[in-house]
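K.L.:
Here's a structure for you.
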Amino acid sequence: MPLDRYEDFLKEWILVGHKNDWKPNVYGQVKSWIDGGLEPRAVTRDLDWGIDVPVEGAEGKKLYVWFDAPIGYISSSKEWALREGKDWKPYWKNQDTKLVHFIGKDNIVFHCIIFPAMLKAEGSYILPDNVPANEFLNLEGNKLSTSKNWAVWLHEYLEDFPNQQDVLRYALTSNAPETKDNDFTWKDFQARNNNELVAIFGNFINRVVVLTNKYYEGIVPNPNELSEVDEQTLTELKAYPAVISSSIERYRFREALGELMNVARLGNKYLADEEPWKMIKTDPARVQTQMYVALQIAVALSSLCEPFLPFTATKLSRILKIGDKIDWKTVVDNSDLIPAGHQIGEAELLFSKIEDEEIQKQIDKLEATKTANTAENKVAEPQKEVIQFDDFSKMDLRVEQSLKPKKCRKPTNC
């Protein structure tokens, strides 16, 4: 494949055209390849398995897997379209289509150089709009390996942590290797659940629902005149859909998740500053407004958290008894997300604290795997050549007895 013929095209398309919107790790790797000068690359292999090269005289040759695999993306689209009764061409040839490749860093060169050069050579296909490749995620300091059982198996996780799917989603997203290698540890998993999901998100929702049931029997109170703090809080709340969306559109999922948690922090700060549990004794009318504002934040969270925590979004909507899901545009346009007089449900814990014993069980499981791998891979030293007794008798072994031992000042003098 004459990649050198497409070097100028790739320079213009990536190094100039995507300098500001592609991830630095992706851009940097592609730039290194191009700056080093692209050379023709063989696309066949001498193998007895694979896709035959459909050219006369190429008997016994197979297509190189990373020349063939991208073509498979297109053919699988054709197969899907045929099965579903759709037209595949707009997905690959319409200039209004946005083609995005979500991959790992070891495949950057294939998706950013080889495949685009193939598409350019054919001429009628669109090019990737972005290739937001992630770096590697390790497990407890070692590379993930399914063959060595060094992994977190999903079915085992769901057995050990029932109804906690979103906790794993949260931990993986907040620790995603977006621009550099990262490490998944069970201790970090526990800390993110206990210190963030439970202590921040869950704590805010629990306080709002408990107080609403305690003061108003679960009925959203009528707000009185909004204070400046109330107005500022609701205005800040309306800004979050755009902030989170911006991060998602730029493939900064960790950043987007952090902004979602800032919505929960906004709610916690509002309650901590306003202290409705104290004011209920002196100004119950003011508490009606405070709880109304806090409930608006709770409803917004049920909508904004859905891309990251879908099971939590469903559970929170059920607790708040929201029939129709609130879309993000409504969060921006409407300050009355949950109206006065609406009946909410009883308090339930959104997230549960994970104890040390549960985490130690997972660590012990991995340690057992490491021990098993070590034993399996251990190679015994080869046995020395057997000698005959006559050979042994040739050895001259002598024992010396020291009659006047003296202290050695230097080892070389002993």
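Each chain of the structure tokens is named A, B, ... in the order shown, its residues numbered from 1; ligands are numbered from 1 in display order.
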Near range 272-274 of chain A, within 9 Å and counting only C-alpha atoms, which residues show up once chain neighbours fewer than 4 positions away are dropped, as a list in words?

P.N.:
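The neighbour list is Gly267, Asn268, Lys278, Met279, Val287 and Gln290 of chain A.
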
K.L.:
Could you give me, as a PyMOL selection string, the residues within 8 Å of range 329-332 of chain A, counting only C-alpha atoms and dropping anything in the same chain fewer than 5 positions from it?

P.N.:
chain A and resi 237-239+241+300+337

K.L.:
Counting only C-alpha atoms, what is within 10 Å of Ile363 in chain A, bar same-chain residues fewer than 3 positions away, as a ChimeraX atom specification?

P.N.:
/A:140,185-187,357-360,366-369

K.L.:
I need the helix (DSSP H, G or I) residues of range 215-315 of chain A per DSSP on the backbone, written as a count of residues only.

P.N.:
77

K.L.:
Counting only C-alpha atoms, which of A:Ile248, A:Val55, A:Ile297, A:Leu257 gets nearest to Thr235 in chain A?

P.N.:
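Closest to Thr235 in chain A of all the choices is A:Ile297.
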
K.L.:
Please list as a PyMOL selection string every residue within 12 Å of range 98-103 of chain A, counting only C-alpha atoms and excluding residues in the same chain fewer than 4 positions away.

P.N.:
chain A and resi 22-23+26+70+73-74+90-94+107-112+115-116+125-136+177-178+249-251

K.L.:
Keeping only C-alpha atoms, write the selected residues to a file as a JSON list (two decimals), in the first residue's frame.

P.N.:
[["chain", "number", "residue", "atom", "x", "y", "z"],
["A", 22, "TRP", "CA", -8.38, 15.57, 18.39],
["A", 23, "LYS", "CA", -6.99, 14.18, 21.63],
["A", 26, "VAL", "CA", -3.93, 10.54, 19.23],
["A", 70, "PRO", "CA", -11.68, -1.86, 8.24],
["A", 73, "TYR", "CA", -16.76, -2.33, 9.15],
["A", 74, "ILE", "CA", -18.38, -1.37, 5.86],
["A", 90, "PRO", "CA", -25.79, 7.36, 3.92],
["A", 91, "TYR", "CA", -23.87, 5.97, 6.91],
["A", 92, "TRP", "CA", -20.63, 5.84, 4.95],
["A", 93, "LYS", "CA", -21.03, 8.29, 2.07],
["A", 94, "ASN", "CA", -23.25, 11.15, 3.21],
["A", 107, "ASN", "CA", -4.96, 0.73, 16.89],
["A", 108, "ILE", "CA", -4.46, 4.46, 16.31],
["A", 109, "VAL", "CA", -2.19, 4.01, 13.29],
["A", 110, "PHE", "CA", -4.70, 1.75, 11.52],
["A", 111, "HIS", "CA", -7.71, 4.01, 12.10],
["A", 112, "CYS", "CA", -5.93, 7.32, 11.49],
["A", 115, "PHE", "CA", -7.95, 3.14, 6.82],
["A", 116, "PRO", "CA", -8.29, 6.86, 5.90],
["A", 125, "TYR", "CA", -16.44, 7.50, 1.39],
["A", 126, "ILE", "CA", -16.44, 10.00, 4.26],
["A", 127, "LEU", "CA", -13.47, 10.24, 6.63],
["A", 128, "PRO", "CA", -13.56, 9.88, 10.42],
["A", 129, "ASP", "CA", -14.61, 13.09, 12.15],
["A", 130, "ASN", "CA", -12.73, 12.03, 15.26],
["A", 131, "VAL", "CA", -10.79, 9.08, 16.66],
["A", 132, "PRO", "CA", -11.00, 9.53, 20.46],
["A", 133, "ALA", "CA", -8.72, 6.62, 21.32],
["A", 134, "ASN", "CA", -8.16, 5.72, 24.95],
["A", 135, "GLU", "CA", -4.87, 4.63, 26.47],
["A", 136, "PHE", "CA", -4.57, 1.39, 28.46],
["A", 177, "PRO", "CA", -7.53, 6.36, 30.52],
["A", 178, "GLU", "CA", -8.53, 9.15, 28.15],
["A", 249, "GLU", "CA", -19.29, 16.23, 22.56],
["A", 250, "ARG", "CA", -15.53, 16.66, 22.98],
["A", 251, "TYR", "CA", -15.22, 13.07, 24.27]]

K.L.:
Would you return as a list in words the members of range 143-257 of chain A that DSSP assigns to strand (DSSP E or B) on this structure's backbone?

P.N.:
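Written out, the strand (DSSP E or B) residues of range 143-257 of chain A are Ser145, Trp150, Asn182, Asp183, Phe184 and Ile219 of chain A.
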
K.L.:
Would you mind listing what lies within 9 Å of Ala171 in chain A as a ChimeraX atom specification, with only C-alpha atoms counted and same-chain residues fewer than 6 positions away left out?

P.N.:
/A:184,188-190,192-193

K.L.:
Show me, as an mmCIF file with N, CA, C and O atoms, in the first residue's frame, the residues that have an atom within 10 Å of Cys305 in chain A when counting only C-alpha atoms, minus same-chain residues fewer than 2 positions from it.

P.N.:
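Saved as selection-v7.cif:
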data_model
loop_
_atom_site.group_PDB
_atom_site.id
_atom_site.type_symbol
_atom_site.label_atom_id
_atom_site.label_comp_id
_atom_site.auth_asym_id
_atom_site.auth_seq_id
_atom_site.Cartn_x
_atom_site.Cartn_y
_atom_site.Cartn_z
ATOM 1 N N LEU A 257 -18.565 13.731 33.693
ATOM 2 C CA LEU A 257 -19.031 13.093 34.920
ATOM 3 C C LEU A 257 -18.735 13.967 36.133
ATOM 4 O O LEU A 257 -19.547 14.061 37.060
ATOM 5 N N LEU A 260 -21.377 16.550 36.347
ATOM 6 C CA LEU A 260 -22.608 15.994 36.903
ATOM 7 C C LEU A 260 -22.541 15.978 38.426
ATOM 8 O O LEU A 260 -23.506 16.369 39.109
ATOM 9 N N MET A 261 -21.419 15.553 38.970
ATOM 10 C CA MET A 261 -21.276 15.520 40.426
ATOM 11 C C MET A 261 -21.301 16.929 41.019
ATOM 12 O O MET A 261 -21.702 17.121 42.172
ATOM 13 N N VAL A 263 -23.360 19.140 40.144
ATOM 14 C CA VAL A 263 -24.778 19.453 40.353
ATOM 15 C C VAL A 263 -25.202 18.966 41.740
ATOM 16 O O VAL A 263 -25.905 19.662 42.479
ATOM 17 N N ALA A 300 -33.545 17.532 38.338
ATOM 18 C CA ALA A 300 -32.541 17.755 37.294
ATOM 19 C C ALA A 300 -31.492 16.635 37.310
ATOM 20 O O ALA A 300 -31.068 16.148 36.253
ATOM 21 N N LEU A 301 -31.092 16.219 38.490
ATOM 22 C CA LEU A 301 -30.117 15.134 38.597
ATOM 23 C C LEU A 301 -30.647 13.842 37.993
ATOM 24 O O LEU A 301 -29.892 13.083 37.372
ATOM 25 N N SER A 302 -31.927 13.580 38.157
ATOM 26 C CA SER A 302 -32.513 12.353 37.607
ATOM 27 C C SER A 302 -32.410 12.320 36.090
ATOM 28 O O SER A 302 -32.343 11.246 35.484
ATOM 29 N N SER A 303 -32.386 13.480 35.474
ATOM 30 C CA SER A 303 -32.272 13.569 34.016
ATOM 31 C C SER A 303 -30.807 13.607 33.574
ATOM 32 O O SER A 303 -30.398 12.870 32.675
ATOM 33 N N PRO A 307 -26.985 9.426 31.170
ATOM 34 C CA PRO A 307 -25.943 8.866 30.305
ATOM 35 C C PRO A 307 -24.871 8.107 31.075
ATOM 36 O O PRO A 307 -24.236 7.204 30.526
ATOM 37 N N PHE A 308 -24.662 8.475 32.321
ATOM 38 C CA PHE A 308 -23.595 7.869 33.119
ATOM 39 C C PHE A 308 -24.129 6.802 34.077
ATOM 40 O O PHE A 308 -23.479 5.781 34.285
ATOM 41 N N LEU A 309 -25.297 7.053 34.665
ATOM 42 C CA LEU A 309 -25.859 6.191 35.701
ATOM 43 C C LEU A 309 -27.308 5.867 35.366
ATOM 44 O O LEU A 309 -28.235 6.339 36.031
ATOM 45 N N PRO A 310 -27.546 5.063 34.331
ATOM 46 C CA PRO A 310 -28.925 4.842 33.864
ATOM 47 C C PRO A 310 -29.822 4.158 34.895
ATOM 48 O O PRO A 310 -31.011 4.481 34.994
ATOM 49 N N PHE A 311 -29.282 3.218 35.653
ATOM 50 C CA PHE A 311 -30.101 2.542 36.662
ATOM 51 C C PHE A 311 -30.453 3.505 37.800
ATOM 52 O O PHE A 311 -31.562 3.462 38.344
ATOM 53 N N THR A 312 -29.515 4.380 38.139
ATOM 54 C CA THR A 312 -29.768 5.384 39.172
ATOM 55 C C THR A 312 -30.826 6.373 38.705
ATOM 56 O O THR A 312 -31.690 6.789 39.485
ATOM 57 N N ALA A 313 -30.770 6.764 37.437
ATOM 58 C CA ALA A 313 -31.756 7.699 36.890
ATOM 59 C C ALA A 313 -33.155 7.114 36.999
ATOM 60 O O ALA A 313 -34.113 7.809 37.391
ATOM 61 N N THR A 314 -33.288 5.833 36.676
ATOM 62 C CA THR A 314 -34.601 5.174 36.768
ATOM 63 C C THR A 314 -35.073 5.094 38.214
ATOM 64 O O THR A 314 -36.245 5.360 38.518
ATOM 65 N N LEU A 316 -34.172 7.004 40.776
ATOM 66 C CA LEU A 316 -34.461 8.336 41.302
ATOM 67 C C LEU A 316 -35.795 8.853 40.759
ATOM 68 O O LEU A 316 -36.581 9.473 41.489
#

K.L.:
Could you tell me how far CA of Asp183 in chain A lies from CA of Tyr240 in chain A, in Å and to one decimal?

P.N.:
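Distance reported for this atom pair: 29.1 Å.
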
K.L.:
Of the candidates A:Leu266, A:Ala294, A:Leu139, A:Val198, which one gets nearest to Val167 in chain A if we count only C-alpha atoms?

P.N.:
A:Val198

K.L.:
Can you tell me how far CA of Leu38 in chain A sits from CA of Ala121 in chain A, in Å to one decimal?

P.N.:
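These two atoms are separated by 15.7 Å.
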
K.L.:
When distances are computed from only C-alpha atoms, which of A:Lys353, A:Lys105, A:Lys89, A:Lys78 shows the smallest separation from Tyr27 in chain A?

P.N.:
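Once distances to Tyr27 in chain A are computed over only C-alpha atoms, the minimum belongs to A:Lys105.
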
K.L.:
Give me, please, the distance in Å between CA of Leu3 in chain A and CA of Glu39 in chain A, quoted to one decimal.

P.N.:
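Between CA of Leu3 in chain A and CA of Glu39 in chain A the gap works out to 5.7 Å.
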
K.L.:
Please provide the set of residues having any atom within 12 Å of Arg5 in chain A, restricted to only C-alpha atoms, with same-chain residues fewer than 6 positions apart removed, written as a PDB file with N, CA, C and O atoms, in the first residue's frame.

P.N.:
ATOM      1  N   LYS A  11      -1.236  14.888   6.213  1.00  0.00           N
ATOM      2  CA  LYS A  11      -0.741  16.092   6.900  1.00  0.00           C
ATOM      3  C   LYS A  11      -1.813  17.168   6.939  1.00  0.00           C
ATOM      4  O   LYS A  11      -2.075  17.775   7.984  1.00  0.00           O
ATOM      5  N   ILE A  34       3.825  10.542  10.735  1.00  0.00           N
ATOM      6  CA  ILE A  34       3.934  11.358   9.518  1.00  0.00           C
ATOM      7  C   ILE A  34       5.264  12.086   9.465  1.00  0.00           C
ATOM      8  O   ILE A  34       5.913  12.145   8.407  1.00  0.00           O
ATOM      9  N   GLY A  37       8.053  10.178   8.105  1.00  0.00           N
ATOM     10  CA  GLY A  37       7.976   9.831   6.682  1.00  0.00           C
ATOM     11  C   GLY A  37       7.260   8.500   6.481  1.00  0.00           C
ATOM     12  O   GLY A  37       7.728   7.468   6.975  1.00  0.00           O
ATOM     13  N   LEU A  38       6.143   8.539   5.788  1.00  0.00           N
ATOM     14  CA  LEU A  38       5.385   7.324   5.526  1.00  0.00           C
ATOM     15  C   LEU A  38       6.007   6.549   4.373  1.00  0.00           C
ATOM     16  O   LEU A  38       6.460   7.129   3.391  1.00  0.00           O
ATOM     17  N   GLU A  39       6.022   5.246   4.502  1.00  0.00           N
ATOM     18  CA  GLU A  39       6.602   4.380   3.481  1.00  0.00           C
ATOM     19  C   GLU A  39       5.559   3.360   3.023  1.00  0.00           C
ATOM     20  O   GLU A  39       4.594   3.075   3.741  1.00  0.00           O
ATOM     21  N   PRO A  40       5.731   2.799   1.820  1.00  0.00           N
ATOM     22  CA  PRO A  40       4.811   1.753   1.366  1.00  0.00           C
ATOM     23  C   PRO A  40       4.761   0.611   2.374  1.00  0.00           C
ATOM     24  O   PRO A  40       5.769   0.268   2.998  1.00  0.00           O
ATOM     25  N   ARG A  41       3.576   0.047   2.546  1.00  0.00           N
ATOM     26  CA  ARG A  41       3.387  -0.999   3.559  1.00  0.00           C
ATOM     27  C   ARG A  41       2.732  -2.220   2.919  1.00  0.00           C
ATOM     28  O   ARG A  41       1.763  -2.104   2.179  1.00  0.00           O
ATOM     29  N   ILE A 113      -4.382   6.414   9.851  1.00  0.00           N
ATOM     30  CA  ILE A 113      -3.494   6.500   8.682  1.00  0.00           C
ATOM     31  C   ILE A 113      -3.895   5.490   7.604  1.00  0.00           C
ATOM     32  O   ILE A 113      -4.207   5.867   6.468  1.00  0.00           O
ATOM     33  N   ILE A 114      -3.904   4.201   7.943  1.00  0.00           N
ATOM     34  CA  ILE A 114      -4.135   3.184   6.923  1.00  0.00           C
ATOM     35  C   ILE A 114      -5.567   3.219   6.389  1.00  0.00           C
ATOM     36  O   ILE A 114      -5.794   3.317   5.173  1.00  0.00           O
ATOM     37  N   ALA A 117      -6.416   6.384   4.412  1.00  0.00           N
ATOM     38  CA  ALA A 117      -5.757   6.359   3.100  1.00  0.00           C
ATOM     39  C   ALA A 117      -6.532   5.461   2.135  1.00  0.00           C
ATOM     40  O   ALA A 117      -6.671   5.779   0.949  1.00  0.00           O
ATOM     41  N   MET A 118      -7.063   4.355   2.648  1.00  0.00           N
ATOM     42  CA  MET A 118      -7.882   3.469   1.820  1.00  0.00           C
ATOM     43  C   MET A 118      -9.159   4.181   1.363  1.00  0.00           C
ATOM     44  O   MET A 118      -9.546   4.094   0.185  1.00  0.00           O
ATOM     45  N   LYS A 120      -9.655   7.402   1.143  1.00  0.00           N
ATOM     46  CA  LYS A 120      -9.285   8.484   0.225  1.00  0.00           C
ATOM     47  C   LYS A 120      -9.001   7.933  -1.164  1.00  0.00           C
ATOM     48  O   LYS A 120      -9.382   8.532  -2.184  1.00  0.00           O
ATOM     49  N   ALA A 121      -8.351   6.793  -1.212  1.00  0.00           N
ATOM     50  CA  ALA A 121      -8.011   6.197  -2.509  1.00  0.00           C
ATOM     51  C   ALA A 121      -9.266   5.796  -3.282  1.00  0.00           C
ATOM     52  O   ALA A 121      -9.340   5.971  -4.494  1.00  0.00           O
TER      53      ALA A 121
END

K.L.:
Between A:Glu122, A:Glu348, A:Glu355, A:Glu255, single out the one closest to Asn203 in chain A, counting only C-alpha atoms.

P.N.:
A:Glu348
